[in-house]
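A.B. asks: PDB, C-alpha atoms, file upload-v9.pdb:
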ATOM      1  CA  MET Y  37     -20.943   8.952 -25.341  1.00  0.00           C
ATOM      2  CA  THR Y  38     -21.059   8.882 -21.537  1.00  0.00           C
ATOM      3  CA  GLN Y  39     -21.189   5.425 -19.991  1.00  0.00           C
ATOM      4  CA  THR Y  40     -22.354   4.336 -16.571  1.00  0.00           C
ATOM      5  CA  PRO Y  41     -19.311   2.838 -14.832  1.00  0.00           C
ATOM      6  CA  ASP Y  42     -19.469  -0.572 -13.190  1.00  0.00           C
ATOM      7  CA  GLU Y  43     -18.840   0.307  -9.555  1.00  0.00           C
ATOM      8  CA  ARG Y  44     -17.867  -3.244  -8.751  1.00  0.00           C
ATOM      9  CA  LEU Y  45     -14.491  -2.115 -10.099  1.00  0.00           C
ATOM     10  CA  ILE Y  46     -12.476   0.068  -7.716  1.00  0.00           C
ATOM     11  CA  VAL Y  47      -9.378   1.586  -9.320  1.00  0.00           C
ATOM     12  CA  ALA Y  48      -6.434   1.984  -6.945  1.00  0.00           C
ATOM     13  CA  LEU Y  49      -4.782   5.365  -7.457  1.00  0.00           C
ATOM     14  CA  ASP Y  50      -1.385   4.103  -6.306  1.00  0.00           C
ATOM     15  CA  VAL Y  51       0.496   7.071  -7.734  1.00  0.00           C
ATOM     16  CA  PRO Y  52       2.794   9.467  -5.834  1.00  0.00           C
ATOM     17  CA  ASN Y  53       0.578  12.501  -5.319  1.00  0.00           C
ATOM     18  CA  ALA Y  54      -2.793  14.132  -5.813  1.00  0.00           C
ATOM     19  CA  LEU Y  55      -1.855  15.786  -9.102  1.00  0.00           C
ATOM     20  CA  ALA Y  56      -0.864  12.451 -10.630  1.00  0.00           C
ATOM     21  CA  GLY Y  57      -4.002  10.871  -9.165  1.00  0.00           C
ATOM     22  CA  LEU Y  58      -6.274  13.517 -10.651  1.00  0.00           C
ATOM     23  CA  GLU Y  59      -4.541  13.221 -14.024  1.00  0.00           C
ATOM     24  CA  LEU Y  60      -5.058   9.450 -13.969  1.00  0.00           C
ATOM     25  CA  ALA Y  61      -8.722   9.787 -13.002  1.00  0.00           C
ATOM     26  CA  GLU Y  62      -9.222  12.226 -15.874  1.00  0.00           C
ATOM     27  CA  LYS Y  63      -7.617   9.766 -18.313  1.00  0.00           C
ATOM     28  CA  ILE Y  64      -9.926   6.998 -17.124  1.00  0.00           C
ATOM     29  CA  GLY Y  65     -12.951   9.287 -17.265  1.00  0.00           C
ATOM     30  CA  ASP Y  66     -16.336   7.570 -17.153  1.00  0.00           C
ATOM     31  CA  ALA Y  67     -14.756   4.110 -17.416  1.00  0.00           C
ATOM     32  CA  ALA Y  68     -14.557   4.039 -13.599  1.00  0.00           C
ATOM     33  CA  GLY Y  69     -16.698   5.521 -10.874  1.00  0.00           C
ATOM     34  CA  PHE Y  70     -14.971   4.240  -7.729  1.00  0.00           C
ATOM     35  CA  TYR Y  71     -11.404   4.969  -6.626  1.00  0.00           C
ATOM     36  CA  LYS Y  72      -9.119   3.803  -3.816  1.00  0.00           C
ATOM     37  CA  ILE Y  73      -6.658   6.193  -2.216  1.00  0.00           C
ATOM     38  CA  GLY Y  74      -4.149   4.682   0.183  1.00  0.00           C
ATOM     39  CA  LEU Y  75      -1.337   5.452   2.584  1.00  0.00           C
ATOM     40  CA  GLY Y  76       1.177   5.901  -0.204  1.00  0.00           C
ATOM     41  CA  MET Y  77      -0.515   9.169  -1.166  1.00  0.00           C
ATOM     42  CA  LEU Y  78      -1.270  10.385   2.351  1.00  0.00           C
ATOM     43  CA  THR Y  79       1.546  12.949   2.377  1.00  0.00           C
ATOM     44  CA  GLY Y  80       0.981  13.819  -1.276  1.00  0.00           C
ATOM     45  CA  GLY Y  81      -2.471  15.341  -0.918  1.00  0.00           C
ATOM     46  CA  GLY Y  82      -4.454  12.110  -0.846  1.00  0.00           C
ATOM     47  CA  LEU Y  83      -7.221  13.384   1.395  1.00  0.00           C
ATOM     48  CA  ALA Y  84      -7.642  16.520  -0.701  1.00  0.00           C
ATOM     49  CA  LEU Y  85      -7.843  14.360  -3.836  1.00  0.00           C
ATOM     50  CA  ALA Y  86     -10.428  12.114  -2.189  1.00  0.00           C
ATOM     51  CA  ASN Y  87     -12.549  15.139  -1.370  1.00  0.00           C
ATOM     52  CA  GLU Y  88     -12.193  16.620  -4.879  1.00  0.00           C
ATOM     53  CA  LEU Y  89     -13.074  13.389  -6.667  1.00  0.00           C
ATOM     54  CA  LYS Y  90     -16.077  12.900  -4.398  1.00  0.00           C
ATOM     55  CA  GLN Y  91     -17.467  16.417  -4.287  1.00  0.00           C
ATOM     56  CA  GLU Y  92     -16.525  17.793  -7.714  1.00  0.00           C
ATOM     57  CA  HIS Y  93     -16.453  14.702  -9.924  1.00  0.00           C
ATOM     58  CA  GLY Y  94     -19.138  12.539  -8.330  1.00  0.00           C
ATOM     59  CA  LYS Y  95     -16.856   9.558  -7.757  1.00  0.00           C
ATOM     60  CA  ARG Y  96     -17.140   7.100  -4.896  1.00  0.00           C
ATOM     61  CA  ILE Y  97     -14.064   6.914  -2.675  1.00  0.00           C
ATOM     62  CA  PHE Y  98     -12.434   4.095  -0.757  1.00  0.00           C
ATOM     63  CA  LEU Y  99      -9.865   5.482   1.703  1.00  0.00           C
ATOM     64  CA  ASP Y 100      -7.437   2.670   2.465  1.00  0.00           C
ATOM     65  CA  MET Y 101      -5.754   3.712   5.715  1.00  0.00           C
ATOM     66  CA  LYS Y 102      -5.748   0.372   7.576  1.00  0.00           C
ATOM     67  CA  PHE Y 103      -5.990   2.052  10.974  1.00  0.00           C
ATOM     68  CA  PHE Y 104      -4.661   0.079  13.938  1.00  0.00           C
ATOM     69  CA  ASP Y 105      -4.253   1.623  17.398  1.00  0.00           C
ATOM     70  CA  ILE Y 106      -5.908   1.813  20.789  1.00  0.00           C
ATOM     71  CA  GLY Y 107      -9.641   2.262  20.620  1.00  0.00           C
ATOM     72  CA  ALA Y 108      -9.787   5.936  21.565  1.00  0.00           C
ATOM     73  CA  THR Y 109      -7.253   6.870  18.887  1.00  0.00           C
ATOM     74  CA  VAL Y 110      -9.005   4.856  16.182  1.00  0.00           C
ATOM     75  CA  GLU Y 111     -12.369   6.349  17.117  1.00  0.00           C
ATOM     76  CA  ALA Y 112     -10.995   9.896  16.925  1.00  0.00           C
ATOM     77  CA  ALA Y 113      -9.253   9.256  13.598  1.00  0.00           C
ATOM     78  CA  VAL Y 114     -12.367   7.753  12.023  1.00  0.00           C
ATOM     79  CA  ARG Y 115     -14.545  10.577  13.326  1.00  0.00           C
ATOM     80  CA  GLY Y 116     -12.246  13.001  11.537  1.00  0.00           C
ATOM     81  CA  ILE Y 117     -12.428  11.019   8.288  1.00  0.00           C
ATOM     82  CA  ALA Y 118     -16.219  10.654   8.505  1.00  0.00           C
ATOM     83  CA  GLN Y 119     -16.768  14.385   8.053  1.00  0.00           C
ATOM     84  CA  TYR Y 120     -15.502  14.137   4.454  1.00  0.00           C
ATOM     85  CA  ASP Y 121     -18.533  12.102   3.295  1.00  0.00           C
ATOM     86  CA  LEU Y 122     -16.424   9.315   1.783  1.00  0.00           C
ATOM     87  CA  ASP Y 123     -17.657   5.772   1.164  1.00  0.00           C
ATOM     88  CA  PHE Y 124     -15.271   3.094   2.486  1.00  0.00           C
ATOM     89  CA  LEU Y 125     -12.497   3.147   5.095  1.00  0.00           C
ATOM     90  CA  THR Y 126     -10.246   0.261   6.106  1.00  0.00           C
ATOM     91  CA  VAL Y 127      -9.135  -0.652   9.608  1.00  0.00           C
ATOM     92  CA  HIS Y 128      -7.420  -3.777  10.849  1.00  0.00           C
ATOM     93  CA  GLY Y 129      -9.913  -6.491  11.652  1.00  0.00           C
ATOM     94  CA  ASP Y 130      -9.180  -6.853  15.371  1.00  0.00           C
ATOM     95  CA  PRO Y 131     -12.545  -6.578  17.151  1.00  0.00           C
ATOM     96  CA  HIS Y 132     -11.525  -3.699  19.435  1.00  0.00           C
ATOM     97  CA  VAL Y 133     -10.385  -1.684  16.404  1.00  0.00           C
ATOM     98  CA  VAL Y 134     -13.592  -2.398  14.470  1.00  0.00           C
ATOM     99  CA  ARG Y 135     -15.806  -1.423  17.396  1.00  0.00           C
ATOM    100  CA  ALA Y 136     -13.930   1.851  17.868  1.00  0.00           C
ATOM    101  CA  ALA Y 137     -14.069   2.629  14.141  1.00  0.00           C
ATOM    102  CA  LYS Y 138     -17.818   2.029  14.016  1.00  0.00           C
ATOM    103  CA  GLN Y 139     -18.252   4.388  16.941  1.00  0.00           C
ATOM    104  CA  GLY Y 140     -16.208   7.024  15.133  1.00  0.00           C
ATOM    105  CA  ALA Y 141     -18.263   6.591  11.955  1.00  0.00           C
ATOM    106  CA  SER Y 142     -21.586   6.793  13.810  1.00  0.00           C
ATOM    107  CA  GLY Y 143     -24.062   9.092  12.138  1.00  0.00           C
ATOM    108  CA  SER Y 144     -22.263   9.067   8.785  1.00  0.00           C
ATOM    109  CA  GLY Y 145     -22.527   6.924   5.674  1.00  0.00           C
ATOM    110  CA  LEU Y 146     -18.906   5.765   5.951  1.00  0.00           C
ATOM    111  CA  LYS Y 147     -18.582   1.982   5.673  1.00  0.00           C
ATOM    112  CA  ILE Y 148     -15.938   0.336   7.852  1.00  0.00           C
ATOM    113  CA  LEU Y 149     -14.085  -2.499   6.124  1.00  0.00           C
ATOM    114  CA  ALA Y 150     -11.982  -4.859   8.209  1.00  0.00           C
ATOM    115  CA  VAL Y 151      -8.638  -6.127   6.916  1.00  0.00           C
ATOM    116  CA  THR Y 152      -8.208  -9.860   7.502  1.00  0.00           C
ATOM    117  CA  ILE Y 153      -4.819 -11.002   6.148  1.00  0.00           C
ATOM    118  CA  LEU Y 154      -3.026  -8.781   3.611  1.00  0.00           C
ATOM    119  CA  THR Y 155      -3.034 -10.255   0.111  1.00  0.00           C
ATOM    120  CA  SER Y 156       0.742  -9.797  -0.107  1.00  0.00           C
ATOM    121  CA  LEU Y 157       1.255 -12.329   2.714  1.00  0.00           C
ATOM    122  CA  ASP Y 158       1.434 -16.120   2.695  1.00  0.00           C
ATOM    123  CA  ARG Y 159       1.893 -18.724   5.430  1.00  0.00           C
ATOM    124  CA  ALA Y 160       5.652 -18.124   5.660  1.00  0.00           C
ATOM    125  CA  ASP Y 161       5.012 -14.418   6.270  1.00  0.00           C
ATOM    126  CA  LEU Y 162       2.477 -15.226   8.985  1.00  0.00           C
ATOM    127  CA  ASP Y 163       4.978 -17.549  10.646  1.00  0.00           C
ATOM    128  CA  ALA Y 164       7.560 -14.778  10.638  1.00  0.00           C
ATOM    129  CA  GLY Y 165       5.020 -12.487  12.277  1.00  0.00           C
ATOM    130  CA  LEU Y 166       4.135 -15.066  14.978  1.00  0.00           C
ATOM    131  CA  ILE Y 167       0.547 -15.355  13.726  1.00  0.00           C
ATOM    132  CA  VAL Y 168      -1.417 -18.380  14.944  1.00  0.00           C
ATOM    133  CA  PRO Y 169      -0.635 -21.608  13.011  1.00  0.00           C
ATOM    134  CA  GLY Y 170      -3.112 -22.939  10.484  1.00  0.00           C
ATOM    135  CA  ASP Y 171      -4.425 -22.594   6.977  1.00  0.00           C
ATOM    136  CA  VAL Y 172      -4.441 -18.983   5.731  1.00  0.00           C
ATOM    137  CA  ALA Y 173      -7.964 -19.247   4.322  1.00  0.00           C
ATOM    138  CA  GLU Y 174      -9.307 -20.537   7.637  1.00  0.00           C
ATOM    139  CA  ILE Y 175      -7.622 -17.719   9.561  1.00  0.00           C
ATOM    140  CA  VAL Y 176      -9.070 -15.175   7.138  1.00  0.00           C
ATOM    141  CA  ALA Y 177     -12.582 -16.580   7.561  1.00  0.00           C
ATOM    142  CA  THR Y 178     -12.269 -16.587  11.351  1.00  0.00           C
ATOM    143  CA  ARG Y 179     -10.999 -13.001  11.424  1.00  0.00           C
ATOM    144  CA  ALA Y 180     -13.795 -11.941   9.077  1.00  0.00           C
ATOM    145  CA  ALA Y 181     -16.444 -13.548  11.290  1.00  0.00           C
ATOM    146  CA  ARG Y 182     -15.086 -11.825  14.395  1.00  0.00           C
ATOM    147  CA  ALA Y 183     -14.919  -8.494  12.589  1.00  0.00           C
ATOM    148  CA  PHE Y 184     -18.533  -8.855  11.463  1.00  0.00           C
ATOM    149  CA  GLU Y 185     -19.554  -9.682  15.021  1.00  0.00           C
ATOM    150  CA  ALA Y 186     -17.812  -6.468  16.123  1.00  0.00           C
ATOM    151  CA  GLY Y 187     -19.905  -4.494  13.632  1.00  0.00           C
ATOM    152  CA  ALA Y 188     -17.785  -4.269  10.462  1.00  0.00           C
ATOM    153  CA  ASP Y 189     -19.759  -3.316   7.371  1.00  0.00           C
ATOM    154  CA  GLY Y 190     -17.508  -5.452   5.241  1.00  0.00           C
ATOM    155  CA  THR Y 191     -14.147  -7.102   4.968  1.00  0.00           C
ATOM    156  CA  ILE Y 192     -11.011  -6.995   2.850  1.00  0.00           C
ATOM    157  CA  ALA Y 193      -9.742 -10.385   1.742  1.00  0.00           C
ATOM    158  CA  SER Y 194      -8.093 -12.011  -1.221  1.00  0.00           C
ATOM    159  CA  PRO Y 195     -10.343 -13.426  -3.967  1.00  0.00           C
ATOM    160  CA  ARG Y 196      -9.312 -16.916  -2.898  1.00  0.00           C
ATOM    161  CA  GLU Y 197     -11.045 -16.490   0.461  1.00  0.00           C
ATOM    162  CA  ALA Y 198     -14.129 -14.628  -0.781  1.00  0.00           C
ATOM    163  CA  ALA Y 199     -16.294 -17.735  -1.134  1.00  0.00           C
ATOM    164  CA  ALA Y 200     -15.521 -18.946   2.390  1.00  0.00           C
ATOM    165  CA  ILE Y 201     -16.349 -15.529   3.821  1.00  0.00           C
ATOM    166  CA  ARG Y 202     -19.548 -15.249   1.784  1.00  0.00           C
ATOM    167  CA  ALA Y 203     -20.653 -18.598   3.254  1.00  0.00           C
ATOM    168  CA  LEU Y 204     -20.356 -17.324   6.843  1.00  0.00           C
ATOM    169  CA  PRO Y 205     -23.690 -16.733   8.605  1.00  0.00           C
ATOM    170  CA  GLU Y 206     -22.262 -13.425   9.865  1.00  0.00           C
ATOM    171  CA  ALA Y 207     -21.602 -12.281   6.281  1.00  0.00           C
ATOM    172  CA  ALA Y 208     -25.252 -11.781   5.365  1.00  0.00           C
ATOM    173  CA  GLY Y 209     -25.682  -8.218   4.145  1.00  0.00           C
ATOM    174  CA  ARG Y 210     -21.964  -7.430   4.508  1.00  0.00           C
ATOM    175  CA  LEU Y 211     -19.508  -6.331   1.837  1.00  0.00           C
ATOM    176  CA  ILE Y 212     -16.525  -8.282   0.553  1.00  0.00           C
ATOM    177  CA  VAL Y 213     -13.856  -6.219  -1.189  1.00  0.00           C
ATOM    178  CA  THR Y 214     -10.988  -8.041  -2.853  1.00  0.00           C
ATOM    179  CA  PRO Y 215      -7.585  -6.624  -3.731  1.00  0.00           C
ATOM    180  CA  GLY Y 216      -5.085  -9.027  -5.256  1.00  0.00           C
ATOM    181  CA  VAL Y 217      -7.062  -9.020  -8.518  1.00  0.00           C
ATOM    182  CA  ARG Y 218      -5.149  -9.326 -11.775  1.00  0.00           C
ATOM    183  CA  PRO Y 219      -6.526  -9.655 -15.321  1.00  0.00           C
ATOM    184  CA  ALA Y 220      -5.317 -12.831 -17.047  1.00  0.00           C
ATOM    185  CA  GLY Y 221      -1.711 -12.461 -18.139  1.00  0.00           C
ATOM    186  CA  SER Y 222      -0.900  -9.579 -15.774  1.00  0.00           C
ATOM    187  CA  ASP Y 223       2.210  -9.482 -13.594  1.00  0.00           C
ATOM    188  CA  ALA Y 224       1.393 -10.543 -10.019  1.00  0.00           C
ATOM    189  CA  GLY Y 225       3.744  -7.896  -8.600  1.00  0.00           C
ATOM    190  CA  ASP Y 226       3.942  -8.158  -4.800  1.00  0.00           C
ATOM    191  CA  GLN Y 227       0.615  -9.991  -4.505  1.00  0.00           C
ATOM    192  CA  LYS Y 228       0.657 -13.672  -3.545  1.00  0.00           C
ATOM    193  CA  ARG Y 229      -3.015 -14.700  -3.395  1.00  0.00           C
ATOM    194  CA  ILE Y 230      -4.504 -13.468  -6.666  1.00  0.00           C
ATOM    195  CA  GLU Y 231      -7.352 -14.257  -9.060  1.00  0.00           C
ATOM    196  CA  THR Y 232      -8.896 -12.705 -12.175  1.00  0.00           C
ATOM    197  CA  PRO Y 233     -11.697 -10.109 -11.917  1.00  0.00           C
ATOM    198  CA  ALA Y 234     -14.404 -12.537 -13.039  1.00  0.00           C
ATOM    199  CA  THR Y 235     -13.237 -15.223 -10.602  1.00  0.00           C
ATOM    200  CA  ALA Y 236     -13.222 -12.775  -7.691  1.00  0.00           C
ATOM    201  CA  ILE Y 237     -16.822 -11.700  -8.351  1.00  0.00           C
ATOM    202  CA  ALA Y 238     -17.925 -15.306  -8.947  1.00  0.00           C
ATOM    203  CA  ASN Y 239     -16.383 -16.218  -5.580  1.00  0.00           C
ATOM    204  CA  GLY Y 240     -18.625 -13.735  -3.797  1.00  0.00           C
ATOM    205  CA  ALA Y 241     -16.814 -10.387  -3.895  1.00  0.00           C
ATOM    206  CA  ASP Y 242     -18.927  -7.240  -4.148  1.00  0.00           C
ATOM    207  CA  HIS Y 243     -16.020  -5.098  -5.331  1.00  0.00           C
ATOM    208  CA  ILE Y 244     -12.598  -5.786  -6.816  1.00  0.00           C
ATOM    209  CA  VAL Y 245      -9.609  -3.458  -6.424  1.00  0.00           C
ATOM    210  CA  VAL Y 246      -7.268  -3.166  -9.397  1.00  0.00           C
ATOM    211  CA  GLY Y 247      -4.236  -0.890  -9.449  1.00  0.00           C
ATOM    212  CA  ARG Y 248      -1.121  -1.512 -11.520  1.00  0.00           C
ATOM    213  CA  PRO Y 249      -2.814  -3.320 -14.446  1.00  0.00           C
ATOM    214  CA  ILE Y 250      -4.747  -0.062 -14.984  1.00  0.00           C
ATOM    215  CA  TRP Y 251      -2.446   2.790 -13.983  1.00  0.00           C
ATOM    216  CA  GLN Y 252       0.645   1.218 -15.550  1.00  0.00           C
ATOM    217  CA  ALA Y 253      -1.189   0.524 -18.823  1.00  0.00           C
ATOM    218  CA  ALA Y 254      -0.403   2.569 -21.916  1.00  0.00           C
ATOM    219  CA  ASP Y 255      -4.126   3.377 -22.059  1.00  0.00           C
ATOM    220  CA  PRO Y 256      -5.605   3.313 -18.514  1.00  0.00           C
ATOM    221  CA  ARG Y 257      -9.115   4.018 -19.777  1.00  0.00           C
ATOM    222  CA  ALA Y 258      -9.021   1.047 -22.144  1.00  0.00           C
ATOM    223  CA  ALA Y 259      -7.623  -1.166 -19.369  1.00  0.00           C
ATOM    224  CA  ALA Y 260     -10.485  -0.195 -17.055  1.00  0.00           C
ATOM    225  CA  GLN Y 261     -12.998  -0.759 -19.846  1.00  0.00           C
ATOM    226  CA  ALA Y 262     -11.605  -4.235 -20.528  1.00  0.00           C
ATOM    227  CA  ILE Y 263     -12.063  -5.229 -16.871  1.00  0.00           C
ATOM    228  CA  ALA Y 264     -15.590  -3.786 -16.849  1.00  0.00           C
ATOM    229  CA  ALA Y 265     -16.367  -5.789 -19.979  1.00  0.00           C
ATOM    230  CA  GLU Y 266     -15.151  -8.953 -18.264  1.00  0.00           C
ATOM    231  CA  LEU Y 267     -17.455  -8.253 -15.317  1.00  0.00           C
ATOM    232  CA  ALA Y 268     -20.379  -7.477 -17.620  1.00  0.00           C
ATOM    233  CA  GLY Y 269     -20.136 -10.990 -19.008  1.00  0.00           C
ATOM    234  CA  LEU Y 270     -20.915 -12.601 -15.668  1.00  0.00           C
TER     235      LEU Y 270
END
Let me see whether you can do it: turn the structure in this file into structure tokens.

C.D. replies:
Amino acid sequence: MTQTPDERLIVALDVPNALAGLELAEKIGDAAGFYKIGLGMLTGGGLALANELKQEHGKRIFLDMKFFDIGATVEAAVRGIAQYDLDFLTVHGDPHVVRAAKQGASGSGLKILAVTILTSLDRADLDAGLIVPGDVAEIVATRAARAFEAGADGTIASPREAAAIRALPEAAGRLIVTPGVRPAGSDAGDQKRIETPATAIANGADHIVVGRPIWQAADPRAAAQAIAAELAGL
């Protein structure tokens, strides 16, 4: 029996190449309708996989490229991506990058999501990178507000900052997408600011991104279904 997937769940296809990604998507089947393809698969046919899943399988696609460059370069790169009719694209949340990305996406349905602070980073990492002092959650909220002011359609942040971003006046009508989501009992891996799927949605996230707990599972379809069931109980 075909089910309608809960598109609040975005499955990260963090596998080496397009063939492995397509095989994984086929295993998951109708348990997921939204997939993330990132830089790790860029040289392994990631863009071709994104196009195939979108055009031939009817899936929604989040292309996680995290573009960061001078405005003209970002605009040109996003304009090239926009012709593929994908759904989400990430750029770094610096206002000049967001403005350029929105210009590149003009006339398409591509949503530009601004990265605030990567969920694999904590205060010690920010210190090492010479990022402004202060509480991580406050920095995330400030970066999100500035990205929204620059025109971002949404933001990427950890589930722990989702509520603070949702409370921003600038966040009205904008998307919050949260990586760093782990089902209870899962290994945190390289993530440092994590929460469960239900907590992330309760905190204000529109979408959660889950990778290893699904693709490393013995039964990826069942793992995706379990997360969807958790969300359905909200």

A.B. asks: Excluding Ile64 (chain Y) and residues on its chain fewer than 3 positions from it, collect all residues at most 10 Å away from it, counting all atoms listed in the file, and give them as a list in words.

C.D. replies: Val47, Leu58, Glu59, Leu60, Ala61, Ala67, Ala68, Gly69, Ile250, Trp251, Asp255, Pro256, Arg257, Ala258, Ala259, Ala260 and Gln261 of chain Y

A.B. asks: Identify which of the residues Y:Gly81, Y:Pro169, Y:Gly187, Y:Pro249 lies closest to Pro131 (chain Y), counting all atoms listed in the file when measuring atom-to-atom distances.

C.D. replies: Y:Gly187

A.B. asks: Separation of CA of Lys90 (chain Y) and CA of Ile73 (chain Y), in Å?

C.D. replies: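 Interatomic distance here is 11.8 Å.
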
A.B. asks: Counting only C-alpha atoms, which residue out of Y:Asp123, Y:Phe70, Y:Ala108, Y:Gly57 sits closest to Ala84 (chain Y)?

C.D. replies: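 Smallest distance to Ala84 (chain Y) is found for Y:Gly57.
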
A.B. asks: Can you work out which one of Y:Gly190, Y:Gly170, Y:Gly94, Y:Gly247 has the shortest atom-to-atom distance to Gly129 (chain Y), counting all atoms listed in the file?

C.D. replies: Y:Gly190

A.B. asks: What gap, in Å, lies between CA of Asp100 (chain Y) and CA of Leu166 (chain Y)?

C.D. replies: 24.6 Å

A.B. asks: Pick out the residues sitting within 6 Å of Val151 (chain Y), and hand them over as a list in words; count all atoms listed in the file, and ignore anything fewer than 2 positions along from it in its own chain.

C.D. replies: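 The neighbour list is His128, Gly129, Thr191 and Ile192 of chain Y.
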
A.B. asks: Would you compute the distance between CA of Pro205 (chain Y) and CA of Ala238 (chain Y)? Give it in Å to one decimal.

C.D. replies: 18.5 Å

A.B. asks: So that I can check the surroundings of Arg196 (chain Y), please list as a ChimeraX atom specification every protein, DNA and RNA residue that reaches within 9 Å of it, counting all atoms listed in the file and ignoring chain neighbours fewer than 2 positions away.

C.D. replies: /Y:173,193-194,198-200,229-231,235-236,239

A.B. asks: List, as a list of chain:residue names, every residue that the PyMOL selection byres ((chain Y and resi 51) around 9) selects in the file provided.

C.D. replies: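 Output of the PyMOL selection byres ((chain Y and resi 51) around 9): Y:Ala48, Y:Leu49, Y:Asp50, Y:Pro52, Y:Asn53, Y:Ala54, Y:Ala56, Y:Gly57, Y:Leu60, Y:Gly76, Y:Met77, Y:Trp251.
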
A.B. asks: Which neighbours of Glu43 (chain Y) fall inside 12 Å, counting all atoms listed in the file, when residues of the same chain fewer than 5 positions from it are skipped, and could you give them as a list in words?

C.D. replies: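 Close residues of Glu43 (chain Y): Asp66, Ala67, Ala68, Gly69, Phe70, Tyr71, Lys72, Lys95, Arg96, Ile97, Phe98, Val213, Asp242, His243, Ile244, Val245, Ala260, Gln261, Ile263, Ala264, Leu267 and Ala268 of chain Y.
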
A.B. asks: May I ask which of the residues Y:Val168, Y:Ile175, Y:Ala181, Y:Val134 is the closest one to Leu154 (chain Y), counting all atoms listed in the file?

C.D. replies: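 Ranked by minimum distance to Leu154 (chain Y), first place goes to Y:Ile175.
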
A.B. asks: Go through Y:Ser156, Y:Thr232, Y:Thr178, Y:Ser142 and flag the residue nearest Glu206 (chain Y), using only C-alpha atoms for the distances.

C.D. replies: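 So, comparing all the options, the nearest one is Y:Thr178.
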
A.B. asks: Counting all atoms listed in the file, figure out which residue out of Y:Gly107, Y:Gly145, Y:Gly269, Y:Gly209 gets nearest to Pro233 (chain Y).

C.D. replies: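 With all atoms listed in the file as the atom set, the closest residue is Y:Gly269.
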
A.B. asks: With all atoms of region 104-117 of chain Y from the file as input, state the centre and edge lengths in Å to one decimal of the axis-aligned box that has 8 Å extra on each side, as lines of an AutoDock Vina configuration file.

C.D. replies:
center_x = -9.4
center_y = 6.5
center_z = 14.9
size_x = 26.3
size_y = 28.9
size_z = 29.3

A.B. asks: Can you find the residues with an atom no farther than 9 Å from (-9.0, 4.9, 12.0), counting all atoms listed in the file, and report them as a list of chain:residue names?

C.D. replies: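 Every polymer residue passing the test: Y:Met101, Y:Lys102, Y:Phe103, Y:Phe104, Y:Asp105, Y:Thr109, Y:Val110, Y:Glu111, Y:Ala112, Y:Ala113, Y:Val114, Y:Arg115, Y:Gly116, Y:Ile117, Y:Leu125, Y:Thr126, Y:Val127, Y:His128, Y:Val133, Y:Val134, Y:Ala136, Y:Ala137, Y:Gly140.
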
A.B. asks: Because some atoms of region 249-262 of chain Y are absent here, can you restore N, CA and C atoms and send them as a PDB file, in the frame of the given file?

C.D. replies:
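Everything below was put into selection_33.pdb:
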ATOM      1  N   PRO Y 249      -2.391  -2.977 -13.078  1.00  0.00           N
ATOM      2  CA  PRO Y 249      -2.814  -3.320 -14.446  1.00  0.00           C
ATOM      3  C   PRO Y 249      -3.573  -2.189 -15.149  1.00  0.00           C
ATOM      4  N   ILE Y 250      -4.073  -1.211 -14.376  1.00  0.00           N
ATOM      5  CA  ILE Y 250      -4.747  -0.062 -14.984  1.00  0.00           C
ATOM      6  C   ILE Y 250      -3.804   1.124 -15.072  1.00  0.00           C
ATOM      7  N   TRP Y 251      -3.217   1.547 -13.932  1.00  0.00           N
ATOM      8  CA  TRP Y 251      -2.446   2.790 -13.983  1.00  0.00           C
ATOM      9  C   TRP Y 251      -1.105   2.645 -14.675  1.00  0.00           C
ATOM     10  N   GLN Y 252      -0.597   1.412 -14.803  1.00  0.00           N
ATOM     11  CA  GLN Y 252       0.645   1.218 -15.550  1.00  0.00           C
ATOM     12  C   GLN Y 252       0.392   0.954 -17.036  1.00  0.00           C
ATOM     13  N   ALA Y 253      -0.862   0.814 -17.429  1.00  0.00           N
ATOM     14  CA  ALA Y 253      -1.189   0.524 -18.823  1.00  0.00           C
ATOM     15  C   ALA Y 253      -0.918   1.734 -19.710  1.00  0.00           C
ATOM     16  N   ALA Y 254      -0.605   1.477 -20.967  1.00  0.00           N
ATOM     17  CA  ALA Y 254      -0.403   2.569 -21.916  1.00  0.00           C
ATOM     18  C   ALA Y 254      -1.679   3.382 -22.079  1.00  0.00           C
ATOM     19  N   ASP Y 255      -2.827   2.712 -21.959  1.00  0.00           N
ATOM     20  CA  ASP Y 255      -4.126   3.377 -22.059  1.00  0.00           C
ATOM     21  C   ASP Y 255      -4.964   2.962 -20.842  1.00  0.00           C
ATOM     22  N   PRO Y 256      -4.877   3.696 -19.729  1.00  0.00           N
ATOM     23  CA  PRO Y 256      -5.605   3.313 -18.514  1.00  0.00           C
ATOM     24  C   PRO Y 256      -7.119   3.196 -18.717  1.00  0.00           C
ATOM     25  N   ARG Y 257      -7.675   4.079 -19.518  1.00  0.00           N
ATOM     26  CA  ARG Y 257      -9.115   4.018 -19.777  1.00  0.00           C
ATOM     27  C   ARG Y 257      -9.497   2.695 -20.436  1.00  0.00           C
ATOM     28  N   ALA Y 258      -8.741   2.305 -21.460  1.00  0.00           N
ATOM     29  CA  ALA Y 258      -9.021   1.047 -22.144  1.00  0.00           C
ATOM     30  C   ALA Y 258      -8.846  -0.141 -21.203  1.00  0.00           C
ATOM     31  N   ALA Y 259      -7.842  -0.078 -20.323  1.00  0.00           N
ATOM     32  CA  ALA Y 259      -7.623  -1.166 -19.369  1.00  0.00           C
ATOM     33  C   ALA Y 259      -8.807  -1.299 -18.418  1.00  0.00           C
ATOM     34  N   ALA Y 260      -9.309  -0.158 -17.933  1.00  0.00           N
ATOM     35  CA  ALA Y 260     -10.485  -0.195 -17.055  1.00  0.00           C
ATOM     36  C   ALA Y 260     -11.703  -0.711 -17.806  1.00  0.00           C
ATOM     37  N   GLN Y 261     -11.866  -0.303 -19.049  1.00  0.00           N
ATOM     38  CA  GLN Y 261     -12.998  -0.759 -19.846  1.00  0.00           C
ATOM     39  C   GLN Y 261     -12.943  -2.259 -20.090  1.00  0.00           C
ATOM     40  N   ALA Y 262     -11.749  -2.793 -20.288  1.00  0.00           N
ATOM     41  CA  ALA Y 262     -11.605  -4.235 -20.528  1.00  0.00           C
ATOM     42  C   ALA Y 262     -12.026  -5.023 -19.295  1.00  0.00           C
TER      43      ALA Y 262
END
